[in-house]
file final35.txt (compact mmCIF, N, CA, C and O atoms)
# COMPACT_ATOMS: atom_id res chain seq x y z
N MET H 3 107.71 105.23 103.33
CA MET H 3 107.53 104.52 104.58
C MET H 3 108.15 105.33 105.70
O MET H 3 109.12 106.05 105.50
N LEU H 4 107.57 105.16 106.87
CA LEU H 4 108.07 105.85 108.05
C LEU H 4 108.08 104.87 109.21
O LEU H 4 107.04 104.30 109.55
N ASP H 5 109.24 104.63 109.78
CA ASP H 5 109.33 103.86 111.01
C ASP H 5 109.17 104.84 112.16
O ASP H 5 109.71 105.94 112.12
N PHE H 6 108.42 104.44 113.19
CA PHE H 6 108.18 105.34 114.29
C PHE H 6 108.19 104.61 115.62
O PHE H 6 108.05 103.39 115.68
N GLU H 7 108.36 105.40 116.66
CA GLU H 7 108.20 104.94 118.03
C GLU H 7 107.39 106.02 118.73
O GLU H 7 107.72 107.20 118.64
N ILE H 8 106.30 105.61 119.37
CA ILE H 8 105.41 106.57 120.00
C ILE H 8 105.18 106.16 121.45
O ILE H 8 105.09 104.97 121.76
N GLU H 9 105.11 107.15 122.32
CA GLU H 9 104.81 106.86 123.72
C GLU H 9 103.30 106.81 123.86
O GLU H 9 102.61 107.83 123.81
N LEU H 10 102.77 105.63 124.02
CA LEU H 10 101.33 105.39 124.09
C LEU H 10 100.77 105.85 125.44
O LEU H 10 99.66 106.36 125.52
N ALA H 11 101.54 105.66 126.46
CA ALA H 11 101.21 106.08 127.83
C ALA H 11 102.56 106.28 128.52
O ALA H 11 103.59 105.89 127.97
N PRO H 12 102.58 106.87 129.69
CA PRO H 12 103.86 107.04 130.37
C PRO H 12 104.63 105.71 130.47
O PRO H 12 104.10 104.71 130.95
N ASP H 13 105.81 105.70 129.91
CA ASP H 13 106.71 104.54 129.90
C ASP H 13 106.18 103.34 129.11
O ASP H 13 106.63 102.22 129.31
N VAL H 14 105.21 103.56 128.23
CA VAL H 14 104.70 102.50 127.35
C VAL H 14 104.95 102.96 125.92
O VAL H 14 104.29 103.88 125.43
N TRP H 15 105.91 102.31 125.26
CA TRP H 15 106.32 102.70 123.91
C TRP H 15 105.86 101.66 122.91
O TRP H 15 105.85 100.46 123.19
N LEU H 16 105.50 102.12 121.73
CA LEU H 16 105.02 101.26 120.66
C LEU H 16 105.80 101.57 119.40
O LEU H 16 105.97 102.74 119.04
N ASP H 17 106.31 100.54 118.73
CA ASP H 17 107.04 100.69 117.47
C ASP H 17 106.14 100.31 116.32
O ASP H 17 105.26 99.45 116.45
N GLY H 18 106.37 100.93 115.18
CA GLY H 18 105.60 100.58 114.02
C GLY H 18 106.16 101.18 112.75
O GLY H 18 107.17 101.87 112.75
N THR H 19 105.46 100.89 111.67
CA THR H 19 105.79 101.42 110.35
C THR H 19 104.50 101.93 109.71
O THR H 19 103.47 101.26 109.78
N ALA H 20 104.58 103.09 109.11
CA ALA H 20 103.46 103.65 108.37
C ALA H 20 103.87 103.78 106.91
O ALA H 20 105.01 104.12 106.61
N ALA H 21 102.94 103.48 106.02
CA ALA H 21 103.24 103.56 104.58
C ALA H 21 102.00 103.99 103.83
O ALA H 21 100.87 103.63 104.20
N ILE H 22 102.21 104.75 102.79
CA ILE H 22 101.14 105.12 101.86
C ILE H 22 101.44 104.38 100.57
O ILE H 22 102.43 104.66 99.89
N THR H 23 100.60 103.40 100.24
CA THR H 23 100.86 102.56 99.07
C THR H 23 100.07 102.99 97.84
O THR H 23 100.41 102.60 96.74
N GLU H 24 99.03 103.77 98.05
CA GLU H 24 98.21 104.32 96.97
C GLU H 24 97.76 105.70 97.41
O GLU H 24 97.77 105.99 98.61
N PRO H 25 97.31 106.55 96.48
CA PRO H 25 96.92 107.91 96.88
C PRO H 25 95.87 107.96 98.01
O PRO H 25 95.93 108.83 98.86
N ASP H 26 94.95 107.03 98.05
CA ASP H 26 93.90 107.04 99.06
C ASP H 26 93.99 105.87 100.02
O ASP H 26 92.99 105.48 100.63
N TYR H 27 95.17 105.27 100.15
CA TYR H 27 95.30 104.10 101.02
C TYR H 27 96.64 104.13 101.75
O TYR H 27 97.69 104.31 101.13
N ALA H 28 96.57 103.98 103.03
CA ALA H 28 97.78 103.90 103.85
C ALA H 28 97.59 102.78 104.86
O ALA H 28 96.47 102.38 105.16
N TYR H 29 98.70 102.27 105.36
CA TYR H 29 98.60 101.27 106.42
C TYR H 29 99.65 101.53 107.48
O TYR H 29 100.67 102.16 107.23
N ILE H 30 99.35 101.05 108.67
CA ILE H 30 100.27 101.14 109.80
C ILE H 30 100.44 99.73 110.35
O ILE H 30 99.45 99.04 110.62
N THR H 31 101.66 99.31 110.49
CA THR H 31 101.97 98.02 111.08
C THR H 31 102.60 98.27 112.44
O THR H 31 103.61 98.98 112.53
N LEU H 32 102.00 97.71 113.48
CA LEU H 32 102.56 97.82 114.82
C LEU H 32 103.43 96.60 115.08
O LEU H 32 103.07 95.48 114.72
N THR H 33 104.57 96.82 115.72
CA THR H 33 105.53 95.75 115.97
C THR H 33 105.42 95.30 117.42
O THR H 33 105.52 96.12 118.33
N ASP H 34 105.19 94.01 117.60
CA ASP H 34 105.16 93.41 118.94
C ASP H 34 104.19 94.13 119.89
O ASP H 34 104.50 94.35 121.06
N ALA H 35 103.03 94.49 119.40
CA ALA H 35 102.03 95.16 120.23
C ALA H 35 101.07 94.12 120.81
O ALA H 35 100.69 93.17 120.13
N THR H 36 100.69 94.33 122.05
CA THR H 36 99.65 93.50 122.64
C THR H 36 98.30 93.96 122.12
O THR H 36 98.18 95.06 121.54
N ALA H 37 97.27 93.17 122.34
CA ALA H 37 95.92 93.58 121.93
C ALA H 37 95.53 94.86 122.66
O ALA H 37 94.87 95.74 122.08
N ASP H 38 95.91 94.99 123.92
CA ASP H 38 95.58 96.19 124.68
C ASP H 38 96.27 97.43 124.11
O ASP H 38 95.66 98.48 123.95
N GLU H 39 97.56 97.28 123.76
CA GLU H 39 98.29 98.41 123.17
C GLU H 39 97.73 98.75 121.80
O GLU H 39 97.54 99.93 121.48
N ALA H 40 97.47 97.74 120.99
CA ALA H 40 96.91 97.99 119.66
C ALA H 40 95.53 98.64 119.75
O ALA H 40 95.19 99.52 118.96
N GLY H 41 94.74 98.22 120.73
CA GLY H 41 93.42 98.82 120.93
C GLY H 41 93.51 100.29 121.29
O GLY H 41 92.78 101.12 120.75
N ALA H 42 94.42 100.63 122.19
CA ALA H 42 94.60 102.03 122.57
C ALA H 42 95.07 102.85 121.37
O ALA H 42 94.58 103.97 121.13
N PHE H 43 95.99 102.32 120.60
CA PHE H 43 96.48 103.02 119.41
C PHE H 43 95.36 103.19 118.38
O PHE H 43 95.19 104.26 117.80
N ALA H 44 94.58 102.13 118.17
CA ALA H 44 93.50 102.19 117.17
C ALA H 44 92.43 103.22 117.55
O ALA H 44 91.94 103.95 116.70
N VAL H 45 92.08 103.29 118.82
CA VAL H 45 91.09 104.28 119.26
C VAL H 45 91.65 105.69 119.07
O VAL H 45 90.95 106.59 118.59
N TRP H 46 92.92 105.90 119.41
CA TRP H 46 93.55 107.20 119.21
C TRP H 46 93.54 107.57 117.73
O TRP H 46 93.18 108.69 117.35
N LEU H 47 93.90 106.63 116.86
CA LEU H 47 93.94 106.88 115.43
C LEU H 47 92.54 107.20 114.91
O LEU H 47 92.33 108.18 114.19
N ARG H 48 91.58 106.38 115.30
CA ARG H 48 90.20 106.58 114.86
C ARG H 48 89.65 107.92 115.32
O ARG H 48 89.08 108.67 114.54
N ASP H 49 89.82 108.25 116.58
CA ASP H 49 89.22 109.45 117.14
C ASP H 49 89.96 110.73 116.78
O ASP H 49 89.37 111.80 116.72
N SER H 50 91.26 110.62 116.49
CA SER H 50 92.05 111.81 116.21
C SER H 50 92.23 112.11 114.72
O SER H 50 92.31 113.26 114.33
N PHE H 51 92.29 111.06 113.89
CA PHE H 51 92.65 111.28 112.50
C PHE H 51 91.70 110.70 111.47
O PHE H 51 91.69 111.15 110.33
N ALA H 52 90.95 109.69 111.81
CA ALA H 52 90.12 109.01 110.81
C ALA H 52 88.75 108.66 111.39
O ALA H 52 88.39 107.51 111.50
N PRO H 53 87.96 109.68 111.77
CA PRO H 53 86.70 109.40 112.44
C PRO H 53 85.56 108.90 111.56
O PRO H 53 84.58 108.38 112.07
N ALA H 54 85.67 109.04 110.25
CA ALA H 54 84.57 108.60 109.39
C ALA H 54 84.45 107.08 109.39
O ALA H 54 85.45 106.38 109.60
N PRO H 55 83.27 106.55 109.15
CA PRO H 55 83.07 105.09 109.17
C PRO H 55 83.99 104.36 108.19
O PRO H 55 84.29 104.84 107.10
N ASP H 56 84.45 103.21 108.63
CA ASP H 56 85.22 102.28 107.80
C ASP H 56 86.58 102.78 107.34
O ASP H 56 87.17 102.20 106.45
N LEU H 57 87.09 103.83 107.93
CA LEU H 57 88.42 104.29 107.52
C LEU H 57 89.52 103.55 108.24
O LEU H 57 90.63 103.44 107.74
N VAL H 58 89.25 103.05 109.43
CA VAL H 58 90.25 102.30 110.17
C VAL H 58 89.84 100.84 110.18
O VAL H 58 88.75 100.48 110.62
N ARG H 59 90.71 100.01 109.63
CA ARG H 59 90.49 98.56 109.62
C ARG H 59 91.70 97.91 110.25
O ARG H 59 92.76 98.51 110.32
N PHE H 60 91.55 96.68 110.69
CA PHE H 60 92.67 96.00 111.34
C PHE H 60 92.76 94.56 110.86
O PHE H 60 91.80 93.96 110.44
N ALA H 61 93.97 94.06 110.94
CA ALA H 61 94.26 92.65 110.67
C ALA H 61 95.42 92.28 111.59
O ALA H 61 96.26 93.11 111.90
N SER H 62 95.44 91.05 112.00
CA SER H 62 96.55 90.59 112.84
C SER H 62 97.40 89.61 112.06
O SER H 62 96.93 88.94 111.13
N SER H 63 98.66 89.52 112.43
CA SER H 63 99.53 88.54 111.78
C SER H 63 99.04 87.12 112.07
O SER H 63 99.17 86.24 111.22
N LEU H 64 98.43 86.90 113.23
CA LEU H 64 97.88 85.59 113.56
C LEU H 64 96.74 85.23 112.60
O LEU H 64 96.69 84.11 112.09
N ALA H 65 95.85 86.17 112.32
CA ALA H 65 94.76 85.91 111.38
C ALA H 65 95.30 85.66 109.98
O ALA H 65 94.86 84.74 109.29
N MET H 66 96.26 86.47 109.55
CA MET H 66 96.81 86.31 108.21
C MET H 66 97.54 84.97 108.08
O MET H 66 97.46 84.32 107.04
N ALA H 67 98.20 84.53 109.14
CA ALA H 67 98.88 83.23 109.11
C ALA H 67 97.88 82.08 109.00
O ALA H 67 98.22 80.99 108.55
N ASN H 68 96.63 82.34 109.40
CA ASN H 68 95.56 81.34 109.32
C ASN H 68 94.69 81.53 108.08
O ASN H 68 93.58 81.00 108.02
N GLY H 69 95.17 82.31 107.10
CA GLY H 69 94.48 82.44 105.83
C GLY H 69 93.48 83.57 105.71
O GLY H 69 92.87 83.76 104.67
N GLU H 70 93.31 84.37 106.75
CA GLU H 70 92.38 85.50 106.69
C GLU H 70 93.13 86.71 106.15
O GLU H 70 94.04 87.22 106.78
N ASP H 71 92.73 87.18 104.95
CA ASP H 71 93.44 88.31 104.37
C ASP H 71 92.57 89.55 104.21
O ASP H 71 92.99 90.54 103.63
N THR H 72 91.35 89.52 104.74
CA THR H 72 90.46 90.67 104.66
C THR H 72 90.46 91.41 105.99
O THR H 72 90.08 90.83 107.02
N PRO H 73 90.90 92.67 106.01
CA PRO H 73 90.88 93.43 107.26
C PRO H 73 89.45 93.62 107.77
O PRO H 73 88.51 93.71 106.99
N SER H 74 89.32 93.71 109.08
CA SER H 74 88.03 93.95 109.72
C SER H 74 87.90 95.43 110.04
O SER H 74 88.88 96.06 110.45
N PRO H 75 86.70 96.00 109.92
CA PRO H 75 86.54 97.42 110.26
C PRO H 75 86.58 97.62 111.77
O PRO H 75 86.06 96.81 112.53
N LEU H 76 87.21 98.70 112.19
CA LEU H 76 87.18 99.09 113.58
C LEU H 76 85.85 99.78 113.81
O LEU H 76 85.44 100.63 113.01
N PRO H 77 85.13 99.46 114.87
CA PRO H 77 83.86 100.14 115.13
C PRO H 77 84.05 101.65 115.18
O PRO H 77 85.07 102.14 115.66
N THR H 78 83.08 102.39 114.70
CA THR H 78 83.18 103.85 114.66
C THR H 78 82.98 104.46 116.04
O THR H 78 83.23 105.64 116.22
N GLY H 79 82.54 103.68 117.00
CA GLY H 79 82.38 104.15 118.37
C GLY H 79 82.91 103.10 119.32
O GLY H 79 83.34 102.03 118.92
N GLY H 80 82.87 103.43 120.57
CA GLY H 80 83.32 102.49 121.59
C GLY H 80 84.58 102.98 122.26
O GLY H 80 85.45 103.56 121.61
N ALA H 81 84.65 102.73 123.54
CA ALA H 81 85.80 103.14 124.33
C ALA H 81 86.95 102.17 124.14
O ALA H 81 86.79 101.11 123.53
N GLN H 82 88.10 102.52 124.69
CA GLN H 82 89.27 101.65 124.57
C GLN H 82 89.00 100.25 125.10
O GLN H 82 89.44 99.27 124.50
N ALA H 83 88.26 100.14 126.18
CA ALA H 83 87.97 98.82 126.74
C ALA H 83 87.18 97.97 125.76
O ALA H 83 87.41 96.77 125.62
N ASP H 84 86.23 98.59 125.04
CA ASP H 84 85.44 97.87 124.04
C ASP H 84 86.32 97.39 122.88
O ASP H 84 86.17 96.27 122.41
N ILE H 85 87.22 98.25 122.43
CA ILE H 85 88.08 97.91 121.31
C ILE H 85 89.10 96.84 121.74
O ILE H 85 89.37 95.89 120.99
N ARG H 86 89.64 96.95 122.94
CA ARG H 86 90.55 95.91 123.44
C ARG H 86 89.85 94.57 123.49
O ARG H 86 90.41 93.55 123.08
N ALA H 87 88.60 94.56 123.97
CA ALA H 87 87.84 93.30 124.03
C ALA H 87 87.62 92.74 122.63
O ALA H 87 87.73 91.53 122.41
N LEU H 88 87.33 93.61 121.65
CA LEU H 88 87.15 93.18 120.27
C LEU H 88 88.43 92.55 119.74
O LEU H 88 88.39 91.49 119.10
N LEU H 89 89.57 93.18 119.99
CA LEU H 89 90.84 92.64 119.51
C LEU H 89 91.18 91.32 120.20
O LEU H 89 91.71 90.40 119.56
N HIS H 90 90.87 91.20 121.47
CA HIS H 90 91.09 89.92 122.17
C HIS H 90 90.22 88.82 121.55
O HIS H 90 90.69 87.70 121.34
N ARG H 91 88.95 89.13 121.25
CA ARG H 91 88.07 88.14 120.59
C ARG H 91 88.61 87.77 119.22
O ARG H 91 88.58 86.60 118.82
N HIS H 92 89.10 88.76 118.48
CA HIS H 92 89.69 88.52 117.17
C HIS H 92 90.85 87.53 117.28
O HIS H 92 90.91 86.54 116.54
N LEU H 93 91.76 87.77 118.20
CA LEU H 93 92.91 86.89 118.38
C LEU H 93 92.49 85.51 118.85
O LEU H 93 93.01 84.49 118.39
N ASP H 94 91.54 85.45 119.77
CA ASP H 94 91.05 84.16 120.27
C ASP H 94 90.45 83.33 119.16
O ASP H 94 90.57 82.09 119.16
N ALA H 95 89.81 83.97 118.19
CA ALA H 95 89.17 83.24 117.08
C ALA H 95 90.20 82.53 116.20
O ALA H 95 89.89 81.53 115.57
N PHE H 96 91.42 83.06 116.17
CA PHE H 96 92.45 82.46 115.31
C PHE H 96 93.52 81.69 116.08
O PHE H 96 94.41 81.13 115.48
N ASP H 97 93.44 81.70 117.39
CA ASP H 97 94.44 81.00 118.21
C ASP H 97 93.97 79.59 118.46
O ASP H 97 93.28 79.29 119.42
N HIS H 98 94.34 78.68 117.57
CA HIS H 98 93.88 77.28 117.67
C HIS H 98 94.84 76.48 118.48
O HIS H 98 95.94 76.35 118.34

call {"tool": "encode", "arguments": {"input": "final35.txt", "output": "structure tokens"}}
result
Amino acid sequence: MLDFEIELAPDVWLDGTAAITEPDYAYITLTDATADEAGAFAVWLRDSFAPAPDLVRFASSLAMANGEDTPSPLPTGGAQADIRALLHRHLDAFDH
């Protein structure tokens, strides 16, 4: 496991943990990230390190608390604004 802090934008810091739990599977947990921050991070991860389809998936603690345990795939394309909107819709779907 690796705990990290990354500067997402000038004066915008994001904390998280990265872990490799199986030879072909790793996960990153972001701590206290907004949907906008998580969207920016996810696009950076997708475009810089995992561009192939279905390699980046996401789940929120809100969804998991509501019984959803299957991660959703991050679209293979789309700008940060598109991904932020997707994450906002995801959260809205579970915010009862």

call {"tool": "closest_residue", "arguments": {"input": "final35.txt", "among": "H:Leu4, H:Ala67, H:Ala42, H:Ala95", "to": "Ala20 in chain H", "atoms": "only N, CA, C and O atoms"}}
result
H:Leu4

call {"tool": "atom_distance", "arguments": {"input": "final35.txt", "atom1": "CA of Trp46 in chain H", "atom2": "CA of Asp17 in chain H"}}
result
15.1 Å

call {"tool": "closest_residue", "arguments": {"input": "final35.txt", "among": "H:Leu76, H:Ala61, H:Leu93, H:Ala83", "to": "Ile30 in chain H", "atoms": "all atoms listed in the file"}}
result
H:Ala61

call {"tool": "closest_residue", "arguments": {"input": "final35.txt", "among": "H:Ser50, H:Ala44, H:Ile85, H:Leu57", "to": "Asp26 in chain H", "atoms": "all atoms listed in the file"}}
result
H:Leu57

call {"tool": "select_by_dssp", "arguments": {"input": "final35.txt", "residues": "chain H", "states": "alpha helix (DSSP H)", "output": "ChimeraX atom specification"}}
result
/H:37-50,63-67,82-96

call {"tool": "closest_residue", "arguments": {"input": "final35.txt", "among": "H:Gly79, H:Gly41, H:Pro53, H:Gly69", "to": "Arg91 in chain H", "atoms": "only C-alpha atoms"}}
result
H:Gly41

call {"tool": "residues_around", "arguments": {"input": "final35.txt", "residues": "Phe60 in chain H", "least_positions_apart": "3", "cutoff": "6 Å", "atoms": "only N, CA, C and O atoms", "output": "number ranges by chain"}}
result
H: 72-76

call {"tool": "closest_residue", "arguments": {"input": "final35.txt", "among": "H:Thr36, H:Thr78, H:Ser63, H:Thr31", "to": "Thr19 in chain H", "atoms": "all atoms listed in the file"}}
result
H:Thr31

call {"tool": "atom_distance", "arguments": {"input": "final35.txt", "atom1": "atom C of Val45 in chain H", "atom2": "atom O of Asp94 in chain H"}}
result
23.6 Å

call {"tool": "closest_residue", "arguments": {"input": "final35.txt", "among": "H:Phe43, H:Phe51, H:Phe6, H:Tyr29", "to": "Gln82 in chain H", "atoms": "only N, CA, C and O atoms"}}
result
H:Phe43

call {"tool": "atom_distance", "arguments": {"input": "final35.txt", "atom1": "CA of Thr23 in chain H", "atom2": "CA of Arg59 in chain H"}}
result
15.3 Å

call {"tool": "select_by_dssp", "arguments": {"input": "final35.txt", "residues": "chain H", "states": "strand (DSSP E)", "output": "number ranges by chain"}}
result
H: 4-11, 14-24, 27-33, 59-60, 74-75

call {"tool": "build_atoms", "arguments": {"input": "final35.txt", "residues": "range 13-24 of chain H", "atoms": "all heavy atoms", "output": "compact mmCIF listing (two decimals), in the frame of the given file"}}
result
# COMPACT_ATOMS: atom_id res chain seq x y z
N ASP H 13 105.81 105.70 129.91
CA ASP H 13 106.71 104.54 129.90
C ASP H 13 106.18 103.34 129.11
O ASP H 13 106.63 102.22 129.31
CB ASP H 13 107.06 104.10 131.33
CG ASP H 13 107.87 105.17 132.06
OD1 ASP H 13 108.72 105.81 131.39
OD2 ASP H 13 107.64 105.36 133.27
N VAL H 14 105.21 103.56 128.23
CA VAL H 14 104.70 102.50 127.35
C VAL H 14 104.95 102.96 125.92
O VAL H 14 104.29 103.88 125.43
CB VAL H 14 103.20 102.22 127.57
CG1 VAL H 14 102.71 101.15 126.60
CG2 VAL H 14 102.93 101.81 129.01
N TRP H 15 105.91 102.31 125.26
CA TRP H 15 106.32 102.70 123.91
C TRP H 15 105.86 101.66 122.91
O TRP H 15 105.85 100.46 123.19
CB TRP H 15 107.84 102.86 123.85
CG TRP H 15 108.27 104.05 124.64
CD1 TRP H 15 108.57 104.09 125.97
CD2 TRP H 15 108.43 105.38 124.16
NE1 TRP H 15 108.91 105.36 126.35
CE2 TRP H 15 108.83 106.18 125.26
CE3 TRP H 15 108.27 105.98 122.92
CZ2 TRP H 15 109.08 107.54 125.15
CZ3 TRP H 15 108.53 107.33 122.80
CH2 TRP H 15 108.92 108.10 123.90
N LEU H 16 105.50 102.12 121.73
CA LEU H 16 105.02 101.26 120.66
C LEU H 16 105.80 101.57 119.40
O LEU H 16 105.97 102.74 119.04
CB LEU H 16 103.53 101.56 120.45
CG LEU H 16 102.65 100.57 119.73
CD1 LEU H 16 102.71 99.21 120.39
CD2 LEU H 16 101.22 101.06 119.74
N ASP H 17 106.31 100.54 118.73
CA ASP H 17 107.04 100.69 117.47
C ASP H 17 106.14 100.31 116.32
O ASP H 17 105.26 99.45 116.45
CB ASP H 17 108.26 99.75 117.43
CG ASP H 17 109.29 100.08 118.47
OD1 ASP H 17 109.46 101.28 118.77
OD2 ASP H 17 109.92 99.15 118.98
N GLY H 18 106.37 100.93 115.18
CA GLY H 18 105.60 100.58 114.02
C GLY H 18 106.16 101.18 112.75
O GLY H 18 107.17 101.87 112.75
N THR H 19 105.46 100.89 111.67
CA THR H 19 105.79 101.42 110.35
C THR H 19 104.50 101.93 109.71
O THR H 19 103.47 101.26 109.78
CB THR H 19 106.39 100.31 109.46
OG1 THR H 19 107.58 99.82 110.08
CG2 THR H 19 106.72 100.83 108.08
N ALA H 20 104.58 103.09 109.11
CA ALA H 20 103.46 103.65 108.37
C ALA H 20 103.87 103.78 106.91
O ALA H 20 105.01 104.12 106.61
CB ALA H 20 103.08 105.02 108.93
N ALA H 21 102.94 103.48 106.02
CA ALA H 21 103.24 103.56 104.58
C ALA H 21 102.00 103.99 103.83
O ALA H 21 100.87 103.63 104.20
CB ALA H 21 103.72 102.22 104.06
N ILE H 22 102.21 104.75 102.79
CA ILE H 22 101.14 105.12 101.86
C ILE H 22 101.44 104.38 100.57
O ILE H 22 102.43 104.66 99.89
CB ILE H 22 101.09 106.64 101.62
CG1 ILE H 22 100.81 107.37 102.93
CG2 ILE H 22 100.04 106.97 100.56
CD1 ILE H 22 100.90 108.88 102.83
N THR H 23 100.60 103.40 100.24
CA THR H 23 100.86 102.56 99.07
C THR H 23 100.07 102.99 97.84
O THR H 23 100.41 102.60 96.74
CB THR H 23 100.55 101.10 99.39
OG1 THR H 23 99.19 100.99 99.83
CG2 THR H 23 101.47 100.58 100.48
N GLU H 24 99.03 103.77 98.05
CA GLU H 24 98.21 104.32 96.97
C GLU H 24 97.76 105.70 97.41
O GLU H 24 97.77 105.99 98.61
CB GLU H 24 97.01 103.42 96.69
CG GLU H 24 97.38 102.03 96.22
CD GLU H 24 96.17 101.12 96.03
OE1 GLU H 24 95.05 101.64 95.89
OE2 GLU H 24 96.36 99.90 96.05
